[in-house]
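Participant: To be precise about what I am sending: the file is called input.csv and holds CSV, C-alpha atoms.
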chain,number,residue,atom,x,y,z
A,87,MET,CA,75.5,75.6,16.8
A,88,GLY,CA,74.0,72.3,17.8
A,89,ARG,CA,70.8,71.8,19.7
A,90,CYS,CA,70.7,70.8,23.3
A,91,GLY,CA,70.1,67.1,24.1
A,92,PRO,CA,68.1,65.7,27.0
A,93,LYS,CA,70.9,66.6,29.5
A,94,GLY,CA,71.7,70.0,28.0
A,95,GLN,CA,74.7,68.7,26.1
A,96,MET,CA,75.4,70.0,22.7
A,97,GLY,CA,75.3,67.9,19.6
A,98,ASP,CA,74.6,64.5,21.2
A,99,GLU,CA,70.9,64.3,20.5
A,100,VAL,CA,69.4,61.9,18.0
A,101,PRO,CA,68.4,63.9,14.9
A,102,ARG,CA,64.6,64.3,14.6
A,103,ASN,CA,64.4,62.2,11.4
A,104,ALA,CA,66.5,59.4,12.9
A,105,SER,CA,64.2,59.4,16.0
A,106,ARG,CA,61.2,59.1,13.8
A,107,ARG,CA,62.8,56.2,11.9
A,108,SER,CA,63.6,54.5,15.2
A,109,VAL,CA,59.9,54.8,16.3
A,110,ARG,CA,58.8,53.4,12.9
A,111,MET,CA,61.2,50.4,13.2
A,112,HIS,CA,59.7,49.6,16.7
A,113,GLY,CA,56.2,49.9,15.1
A,114,LEU,CA,57.1,47.4,12.4
A,115,GLU,CA,58.2,44.9,15.0
A,116,ALA,CA,55.0,45.4,17.0
A,117,LEU,CA,52.9,44.9,13.9
A,118,GLU,CA,54.7,41.9,12.4
A,119,GLY,CA,52.5,39.3,14.0
A,120,ARG,CA,49.3,41.0,13.1
A,121,LEU,CA,50.5,41.5,9.5
A,122,VAL,CA,50.8,37.7,9.0
A,123,HIS,CA,47.2,37.1,10.0
A,124,ALA,CA,45.9,40.1,7.9
A,125,LYS,CA,47.7,39.1,4.8
A,126,ALA,CA,46.2,35.6,5.1
A,127,ALA,CA,42.8,37.2,5.4
A,128,LEU,CA,43.4,39.2,2.2
A,129,HIS,CA,44.3,36.0,0.4
A,130,ARG,CA,41.1,34.3,1.6
A,131,LEU,CA,39.1,37.2,0.3
A,132,GLN,CA,40.9,37.2,-3.0
A,133,ALA,CA,40.2,33.5,-3.5
A,134,ARG,CA,36.4,33.7,-3.1
A,135,GLY,CA,33.5,35.2,-5.1
A,136,ALA,CA,34.7,37.1,-8.1
A,137,GLY,CA,38.1,35.3,-8.0
A,138,ARG,CA,41.6,36.7,-8.3
A,139,ILE,CA,41.9,40.2,-9.6
A,140,ALA,CA,45.0,41.9,-10.9
A,141,ALA,CA,44.4,45.4,-9.5
A,142,VAL,CA,42.0,47.4,-7.4
A,143,ARG,CA,40.6,50.2,-9.4
A,144,ILE,CA,40.0,53.5,-7.6
A,145,ARG,CA,38.1,56.4,-9.2
A,146,SER,CA,40.2,59.6,-9.2
A,147,ALA,CA,37.3,61.4,-7.4
A,148,LEU,CA,38.8,60.0,-4.2
A,149,ILE,CA,42.1,62.0,-4.5
A,150,THR,CA,41.1,65.1,-6.5
A,151,GLY,CA,39.1,68.1,-5.5
A,152,HIS,CA,39.4,71.9,-5.6
A,153,PRO,CA,40.3,74.7,-3.1
A,154,TYR,CA,36.7,75.0,-1.8
A,155,ASN,CA,36.1,71.2,-1.6
A,156,PRO,CA,39.2,69.2,-0.6
A,157,PRO,CA,39.2,65.6,-1.9
A,158,PRO,CA,37.7,62.9,0.3
A,159,ILE,CA,41.1,61.3,0.9
A,160,ALA,CA,42.3,64.6,2.5
A,161,ARG,CA,39.4,64.7,4.8
A,162,ILE,CA,39.7,61.1,6.1
A,163,SER,CA,43.4,60.8,6.4
A,164,ALA,CA,45.0,61.0,9.8
A,165,PRO,CA,48.7,60.5,10.7
A,166,ARG,CA,48.0,57.8,13.2
A,167,GLY,CA,44.5,56.7,12.2
A,168,ILE,CA,43.3,53.7,10.2
A,169,ASN,CA,40.5,55.6,8.3
A,170,LEU,CA,42.3,55.4,5.0
A,171,GLN,CA,43.4,51.8,5.6
A,172,VAL,CA,39.8,50.7,6.3
A,173,TYR,CA,38.5,52.5,3.2
A,174,LEU,CA,41.0,51.0,0.9
A,175,LEU,CA,40.4,47.5,2.4
A,176,ALA,CA,36.7,48.0,1.8
A,177,LEU,CA,37.4,48.7,-1.9
A,178,PHE,CA,39.6,45.5,-2.0
A,179,GLU,CA,36.8,43.5,-0.4
A,180,ALA,CA,34.1,44.8,-2.8
A,181,GLN,CA,36.2,44.1,-5.9
A,182,THR,CA,37.2,40.6,-4.9
A,183,ARG,CA,33.5,39.8,-4.2
A,184,ARG,CA,32.0,41.3,-7.3
A,185,ARG,CA,33.3,41.8,-10.8
A,186,ALA,CA,30.7,44.3,-11.9
A,187,GLY,CA,27.6,46.2,-10.8
A,188,GLN,CA,26.5,47.5,-7.4
A,189,ALA,CA,28.7,46.2,-4.6
A,190,GLY,CA,26.0,46.3,-1.9
A,191,PRO,CA,26.7,45.8,1.8
A,192,CYS,CA,30.0,44.4,2.9
A,193,PRO,CA,29.3,41.0,4.4
A,194,LEU,CA,32.2,40.9,6.8
A,195,PRO,CA,31.3,41.1,10.5
A,196,LEU,CA,33.3,43.2,12.9
A,197,PHE,CA,34.7,40.2,14.7
A,198,GLY,CA,35.4,36.7,13.6
A,199,ALA,CA,36.9,33.7,15.3
A,200,GLY,CA,39.7,31.6,13.8
A,201,ASN,CA,40.0,31.9,10.1
A,202,GLU,CA,36.5,33.5,9.7
A,203,ASN,CA,36.7,36.6,7.5
A,204,SER,CA,36.1,39.7,9.6
A,205,TRP,CA,37.2,43.3,10.0
A,206,SER,CA,39.1,42.5,13.2
A,207,GLY,CA,41.2,40.0,11.3
A,208,LEU,CA,41.7,42.2,8.2
A,209,VAL,CA,42.9,45.5,9.9
A,210,VAL,CA,46.4,46.0,11.2
A,211,SER,CA,46.8,48.7,13.9
A,212,MET,CA,48.6,49.4,17.1
A,213,ALA,CA,45.9,48.2,19.5
A,214,LYS,CA,47.0,47.4,23.1
A,215,GLN,CA,45.2,45.6,25.8
A,216,ASN,CA,44.6,47.3,29.2
A,217,MET,CA,43.7,44.6,31.7
A,218,ASP,CA,44.2,47.0,34.6
A,219,ALA,CA,41.3,49.2,33.6
A,220,VAL,CA,38.0,49.3,35.6
A,221,VAL,CA,36.6,47.4,32.7
A,222,PRO,CA,39.5,45.3,31.2
A,223,VAL,CA,40.0,45.8,27.5
A,224,THR,CA,41.7,43.3,25.2
A,225,ALA,CA,43.8,44.2,22.1
A,226,THR,CA,41.0,42.8,19.9
A,227,GLN,CA,38.4,44.9,21.6
A,228,ASN,CA,40.5,48.0,21.3
A,229,ARG,CA,41.0,47.2,17.5
A,230,ILE,CA,37.3,46.8,17.0
A,231,ARG,CA,36.8,50.2,18.7
A,232,GLN,CA,39.3,51.7,16.3
A,233,ILE,CA,37.5,50.1,13.3
A,234,LYS,CA,34.1,51.4,14.5
A,235,SER,CA,35.6,54.9,14.8
A,236,ALA,CA,37.1,54.7,11.3
A,237,ILE,CA,33.8,53.6,9.8
A,238,LYS,CA,32.0,56.4,11.6
A,239,ARG,CA,34.4,58.9,10.1
A,240,LEU,CA,34.0,57.5,6.6
A,241,ALA,CA,30.2,57.8,7.0
A,242,GLU,CA,30.5,61.4,8.1
A,243,GLU,CA,32.3,62.1,4.8
A,244,GLY,CA,29.7,60.3,2.7
A,245,LEU,CA,32.0,57.5,1.6
A,246,VAL,CA,30.0,54.7,3.4
A,247,LEU,CA,26.8,53.9,5.1
A,248,ARG,CA,26.9,52.3,8.5
A,249,ASP,CA,24.8,49.4,9.8
A,250,VAL,CA,22.9,48.4,6.7
A,251,GLY,CA,20.9,45.4,5.6
A,252,ASP,CA,19.3,43.0,8.1
A,253,ALA,CA,18.1,44.9,11.2
A,254,ASP,CA,18.9,41.9,13.4
A,255,ASN,CA,22.3,41.4,11.9
A,256,PRO,CA,23.4,44.5,10.0
A,257,ALA,CA,26.5,44.7,7.9
A,258,PRO,CA,29.0,47.2,9.4
A,259,LEU,CA,29.2,49.2,6.2
A,260,MET,CA,28.2,49.7,2.6
A,261,LEU,CA,30.4,51.7,0.2
A,262,LEU,CA,29.2,54.8,-1.5
A,263,HIS,CA,30.7,56.7,-4.5
A,264,GLU,CA,34.4,57.7,-4.1
A,265,SER,CA,33.5,61.4,-4.4
A,266,GLY,CA,31.8,61.4,-1.1
A,267,LEU,CA,29.0,63.5,-2.7
A,268,LEU,CA,25.5,62.4,-1.6
A,269,ASP,CA,24.3,62.7,-5.2
A,270,PRO,CA,21.2,60.4,-5.7
A,271,GLU,CA,22.4,59.6,-9.3
A,272,ARG,CA,25.8,58.3,-8.2
A,273,ASN,CA,25.5,57.7,-4.5
A,274,GLU,CA,25.7,53.9,-4.6
A,275,TYR,CA,29.1,52.4,-5.2
A,276,HIS,CA,29.5,50.4,-8.4
A,277,ILE,CA,32.5,48.3,-9.3
A,278,PRO,CA,34.4,50.4,-12.0
A,279,ASP,CA,33.5,49.2,-15.5
A,280,ARG,CA,36.1,48.0,-17.9
A,281,HIS,CA,35.7,51.0,-20.1
A,282,GLU,CA,36.7,53.4,-17.3
A,283,ARG,CA,40.4,54.2,-17.9
A,284,PRO,CA,43.1,56.5,-16.5
A,285,PRO,CA,43.1,59.2,-15.6
A,286,SER,CA,39.5,58.8,-14.3
A,287,ILE,CA,40.7,55.5,-12.7
A,288,ILE,CA,43.8,54.8,-10.7
A,289,SER,CA,44.8,51.2,-11.0
A,290,VAL,CA,46.6,49.9,-8.0
A,291,PRO,CA,48.1,46.4,-8.3
A,292,VAL,CA,46.6,43.9,-6.0
A,293,HIS,CA,50.0,43.1,-4.5
A,294,PHE,CA,49.9,46.6,-2.9
A,295,PHE,CA,47.4,44.9,-0.6
A,296,THR,CA,48.5,41.3,-0.4
A,297,SER,CA,52.2,42.2,0.2
A,298,GLY,CA,51.4,44.5,3.1
A,299,TRP,CA,52.0,47.9,1.6
A,300,VAL,CA,48.5,49.1,2.5
A,301,TYR,CA,49.3,48.4,6.1
A,302,LEU,CA,52.9,49.6,6.5
A,303,LEU,CA,53.0,52.8,4.4
A,304,THR,CA,51.9,55.9,6.3
A,305,PRO,CA,48.7,57.7,5.1
A,306,SER,CA,50.9,60.5,3.7
A,307,GLU,CA,53.0,58.0,1.7
A,308,ILE,CA,49.8,56.3,0.4
A,309,ARG,CA,48.4,59.6,-0.7
A,310,MET,CA,51.6,60.6,-2.5
A,311,TYR,CA,51.8,57.2,-4.2
A,312,LEU,CA,48.2,57.5,-5.4
A,313,VAL,CA,48.9,61.0,-6.7
A,314,LEU,CA,51.9,59.8,-8.7
A,315,ARG,CA,49.9,56.9,-10.1
A,316,HIS,CA,47.3,59.4,-11.1
A,317,LEU,CA,49.8,61.7,-12.7
A,318,ALA,CA,51.3,58.8,-14.7
A,319,GLY,CA,47.8,58.1,-16.0
A,320,ARG,CA,47.2,61.8,-16.9
A,321,PHE,CA,50.5,62.1,-18.7
A,322,PRO,CA,51.6,58.6,-19.9
A,323,GLY,CA,54.0,60.0,-22.5
A,324,ALA,CA,55.8,62.2,-20.1
A,325,HIS,CA,55.9,59.4,-17.5
A,326,GLU,CA,57.6,57.1,-20.0
A,327,GLY,CA,60.0,59.8,-21.1
A,328,ARG,CA,61.4,62.4,-18.6
A,329,GLY,CA,59.0,61.5,-15.8
A,330,VAL,CA,56.0,63.3,-14.3
A,331,TYR,CA,56.0,66.2,-11.9
A,332,CYS,CA,53.4,67.9,-9.7
A,333,THR,CA,52.9,71.6,-10.1
A,334,GLU,CA,52.4,73.8,-7.1
A,335,ARG,CA,48.9,74.6,-8.3
A,336,ASP,CA,48.0,70.9,-8.6
A,337,ARG,CA,49.5,70.1,-5.2
A,338,GLU,CA,47.5,72.8,-3.5
A,339,TRP,CA,44.3,72.9,-5.6
A,340,LEU,CA,43.8,69.5,-7.2
A,341,TYR,CA,45.3,67.1,-4.7
A,342,ASN,CA,45.3,69.2,-1.5
A,343,ILE,CA,48.7,67.8,-0.4
A,344,THR,CA,50.9,69.8,2.0
A,345,ARG,CA,54.7,70.0,1.7
A,346,ASP,CA,55.1,67.2,4.3
A,347,ILE,CA,52.9,64.9,2.3
A,348,TYR,CA,54.7,65.9,-0.9
A,349,GLU,CA,58.1,65.1,0.7
A,350,SER,CA,56.8,61.5,1.3
A,351,HIS,CA,58.3,60.9,-2.1
A,352,LEU,CA,61.7,60.6,-0.3
A,353,MET,CA,60.6,57.5,1.6
A,354,LEU,CA,58.7,56.1,-1.4
A,355,ALA,CA,62.0,56.3,-3.4
A,356,ARG,CA,63.9,54.7,-0.5
A,357,PHE,CA,61.4,51.8,-0.5
A,358,GLY,CA,61.8,51.4,-4.3
A,359,LEU,CA,58.2,52.2,-5.2
A,360,ILE,CA,59.2,55.2,-7.3
A,361,GLU,CA,62.2,56.6,-8.9
A,362,LYS,CA,63.2,60.2,-8.6
A,363,VAL,CA,64.7,61.2,-11.9
A,364,GLU,CA,68.2,62.6,-11.6
A,365,ASN,CA,68.5,66.3,-12.5
A,366,PRO,CA,72.0,67.8,-13.1
A,367,LEU,CA,70.8,71.1,-11.6
A,368,ARG,CA,70.1,69.5,-8.3
A,369,HIS,CA,72.2,67.9,-5.6
A,370,ARG,CA,71.3,64.3,-4.5
A,371,ASP,CA,69.5,65.8,-1.5
A,372,GLY,CA,67.2,67.8,-3.9
A,373,LYS,CA,68.8,71.2,-3.3
A,374,VAL,CA,69.5,73.3,-6.3
A,375,VAL,CA,73.2,73.6,-7.2
A,376,SER,CA,74.6,77.1,-6.3
A,377,PHE,CA,71.0,78.2,-5.6
A,378,GLY,CA,71.8,81.9,-5.0
A,379,GLU,CA,73.8,82.3,-8.1
A,380,PHE,CA,71.2,80.3,-10.1
A,381,VAL,CA,68.3,82.5,-9.0
A,382,SER,CA,70.3,85.7,-9.5
A,383,ARG,CA,70.8,84.8,-13.1
A,384,GLY,CA,67.0,84.4,-13.5
A,385,GLY,CA,67.0,80.6,-13.5
A,386,VAL,CA,63.7,78.8,-12.9
A,387,VAL,CA,64.0,76.1,-10.2
A,388,PRO,CA,63.3,72.8,-12.0
A,389,PRO,CA,60.6,70.6,-10.5
A,390,HIS,CA,61.3,67.1,-9.2
A,391,ARG,CA,60.3,64.5,-11.7
A,392,PHE,CA,59.3,60.9,-10.9
A,393,LYS,CA,58.6,57.6,-12.5
A,394,LEU,CA,56.8,54.7,-11.0
A,395,ALA,CA,58.9,51.6,-10.4
A,396,SER,CA,57.8,48.4,-12.1
A,397,ASP,CA,54.7,46.9,-10.5
A,398,SER,CA,56.8,43.8,-9.8
A,399,VAL,CA,58.4,45.7,-6.9
A,400,LEU,CA,55.0,45.4,-5.1
A,401,PHE,CA,55.4,41.6,-5.1
A,402,ASP,CA,58.1,42.0,-2.5
A,403,SER,CA,57.3,41.9,1.2
A,404,ALA,CA,56.6,45.5,2.3
A,405,LEU,CA,57.9,44.6,5.8
A,406,ASP,CA,61.2,43.5,4.4
A,407,ARG,CA,61.7,46.4,2.0
A,408,ILE,CA,60.7,49.1,4.6
A,409,ARG,CA,62.8,47.5,7.4
A,410,LYS,CA,65.8,47.3,5.1
A,411,ALA,CA,65.4,50.9,4.0
A,412,LEU,CA,65.1,52.2,7.5
A,413,MET,CA,68.1,50.2,8.7
A,414,ASN,CA,70.3,51.3,5.8
A,415,TYR,CA,69.3,55.0,5.8
A,416,PRO,CA,72.3,57.2,5.1
A,417,PRO,CA,73.6,59.4,8.0
A,418,SER,CA,72.5,63.0,8.0
A,419,PHE,CA,74.9,65.7,6.9
A,420,ALA,CA,75.2,66.8,10.6
A,421,GLN,CA,76.3,63.3,11.6
A,422,MET,CA,78.8,63.2,8.7
A,423,THR,CA,80.5,66.4,9.7
A,424,ARG,CA,80.3,66.0,13.5
A,425,GLY,CA,83.8,66.3,15.0
A,426,THR,CA,85.3,67.9,11.9
A,427,SER,CA,86.6,71.5,11.8
A,428,ARG,CA,84.9,72.3,8.6
A,429,PRO,CA,82.1,70.9,6.4
A,430,LEU,CA,82.8,68.0,4.1
A,431,ARG,CA,83.1,69.1,0.4
In structure tokens, how does this file's structure come out?
Facilitator:
Amino acid sequence: MGRCGPKGQMGDEVPRNASRRSVRMHGLEALEGRLVHAKAALHRLQARGAGRIAAVRIRSALITGHPYNPPPIARISAPRGINLQVYLLALFEAQTRRRAGQAGPCPLPLFGAGNENSWSGLVVSMAKQNMDAVVPVTATQNRIRQIKSAIKRLAEEGLVLRDVGDADNPAPLMLLHESGLLDPERNEYHIPDRHERPPSIISVPVHFFTSGWVYLLTPSEIRMYLVLRHLAGRFPGAHEGRGVYCTERDREWLYNITRDIYESHLMLARFGLIEKVENPLRHRDGKVVSFGEFVSRGGVVPPHRFKLASDSVLFDSALDRIRKALMNYPPSFAQMTRGTSRPLR
């Protein structure tokens, strides 16, 4: 039996996932203008100081933890927030400014006019103006408020310090160690050394930032993507062969990812960032073939296996790839069978 639509009619509602895709499409259109300016700001940062880098190197302490201490990324991520975006951009800024050693305070001001490098120019968010308020608020002012809120949250989790340096003109933030642990011996953030390798380091190609992926993937998708890059570094042989998979224990204990976050792999595959390895025991939608019979025979449900796509995929515009994937999303099974007397076989 179908569900009731807005007018109580049966079967004429937009499926929940389709509705979410529609909202996301509208979001892409609203952010398109901001994205152009932010990507230009990233290229300006990349061209200064330490020069062009091939990848941003992230210590795995950001995404790994244990049941009694969830990883920092789990504590700062919010479905509609920009906390994770601001933190990843801070890593990008530090590593394009310095090649080695202690990063120190971030020199970017909160607001900058024109082509001046600033946080307000670097961040992409849904920030609307409200000129009818008692105190009118512009979109830029609203965005700065969001950035301040994100930096405050990062500071609460021990990932940054706020308002550091010159008392008369303090820097908005200074990075601390990715673990978020206020350990005096490793509190200050240092650019990862060359000898630090996977799996202790997750290497994210710089085009993940400059092509807009950091802005347009959801926090859940970014978390799942980083988990898969970490798994590829932990098990390089398996990744090159049959692909890597994430055990239930690792999902819950090591990475602290829920089922919803784990299922972000579906969209990552649609965007072409990863490949879900075909398994003859599963249908294309991921369900096990003849599940009841399979389990009754004592079969063990095979895990999903994944491979990272070539890093060259990240060269493509995130906006174009995501928009195309959302527009070309296949219809749901319910839509395919609507109006038929029996399910399609």
Participant: CA of Gln232 (chain A) to CA of Leu117 (chain A): how many Å, to one decimal?
Facilitator: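 Straight-line distance from CA of Gln232 (chain A) to CA of Leu117 (chain A) works out to 15.4 Å.
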Participant: What is the CA of Arg120 (chain A)-CA of Leu174 (chain A) distance in Å, reported with one decimal?
Facilitator: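 One can read the CA of Arg120 (chain A) to CA of Leu174 (chain A) distance as 17.8 Å.
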Participant: Considering all atoms listed in the file, state which residue in the set A:Leu131, A:Ala160, A:Met353, A:Leu175 is at the smallest distance from Glu338 (chain A).
Facilitator: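 Smallest separation from Glu338 (chain A) among the options: A:Ala160.
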Participant: Do a neighbour search on Val122 (chain A) at 12 Å with only C-alpha atoms, toss out local chain neighbours closer than 3 positions, and write the hits as a PyMOL selection string.
Facilitator: chain A and resi 115-119+125-129+207-210+296-298+301+403-405
Participant: Hey, can you pull every residue with an atom no more than 8 Å from (59.4, 49.1, 2.7), using all atoms listed in the file, and send it as a ChimeraX atom specification?
Facilitator: /A:299,302-303,356-358,403-411
Participant: What is the distance, in Å and to one decimal place, between CA of Leu121 (chain A) and CA of Leu177 (chain A)?
Facilitator: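 It comes out at 18.8 Å.
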Participant: Can you tell me, as a list in words, which residues sit within 12 Å of (44.1, 60.1, 7.7) in the file's frame, using all atoms listed in the file?
Facilitator: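 Here the neighbourhood of the point contains Pro158, Ile159, Ala160, Arg161, Ile162, Ser163, Ala164, Pro165, Arg166, Gly167, Ile168, Asn169, Leu170, Gln171, Val172, Tyr173, Leu174, Ala236, Arg239, Leu240, Leu303, Thr304, Pro305, Ser306, Glu307, Ile308, Arg309 and Ile347 of chain A.
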Participant: So that I can see what lies close to Val330 (chain A), please list as a VMD selection string the residues with an atom at most 7 Å from it, counting all atoms listed in the file and leaving out residues fewer than 4 positions away in the same chain.
Facilitator: chain A and resid 317 to 318 324 to 325 391 to 393
Participant: Identify which of the residues A:Thr226, A:Glu179, A:Phe294, A:Tyr348 lies closest to Pro193 (chain A), counting all atoms listed in the file when measuring atom-to-atom distances.
Facilitator: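 With all atoms listed in the file as the atom set, the closest residue is A:Glu179.
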Participant: Counting only C-alpha atoms, figure out which residue out of A:Arg130, A:Val399, A:Ser146, A:Ala186 gets nearest to Pro291 (chain A).
Facilitator: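 Under the stated criterion, the closest residue is A:Val399.
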Participant: Looking at all atoms listed in the file, which of A:Arg283, A:Ala147, A:Leu400, A:His112 is the one that sits closest to Met212 (chain A)?
Facilitator: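 Closest to Met212 (chain A) of all the choices is A:His112.
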Participant: Find, counting only C-alpha atoms, the residue in A:Arg320, A:Arg315, A:Arg134, A:Lys238 that gets nearest to Pro258 (chain A).
Facilitator: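 For Pro258 (chain A), the nearest of the given residues is A:Lys238.
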Participant: With all atoms listed in the file as the atoms that count, which of A:His263, A:Phe401, A:Val363, A:Pro153 lies nearest to Gly327 (chain A)?
Facilitator: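 For Gly327 (chain A), the nearest of the candidates is A:Val363.
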Participant: With all atoms listed in the file as the counted atoms, please give the residues lying no more than 8 Å from Pro191 (chain A), apart from itself and same-chain residues fewer than 5 positions off, as a PyMOL selection string.
Facilitator: chain A and resi 250-251+257+259-261
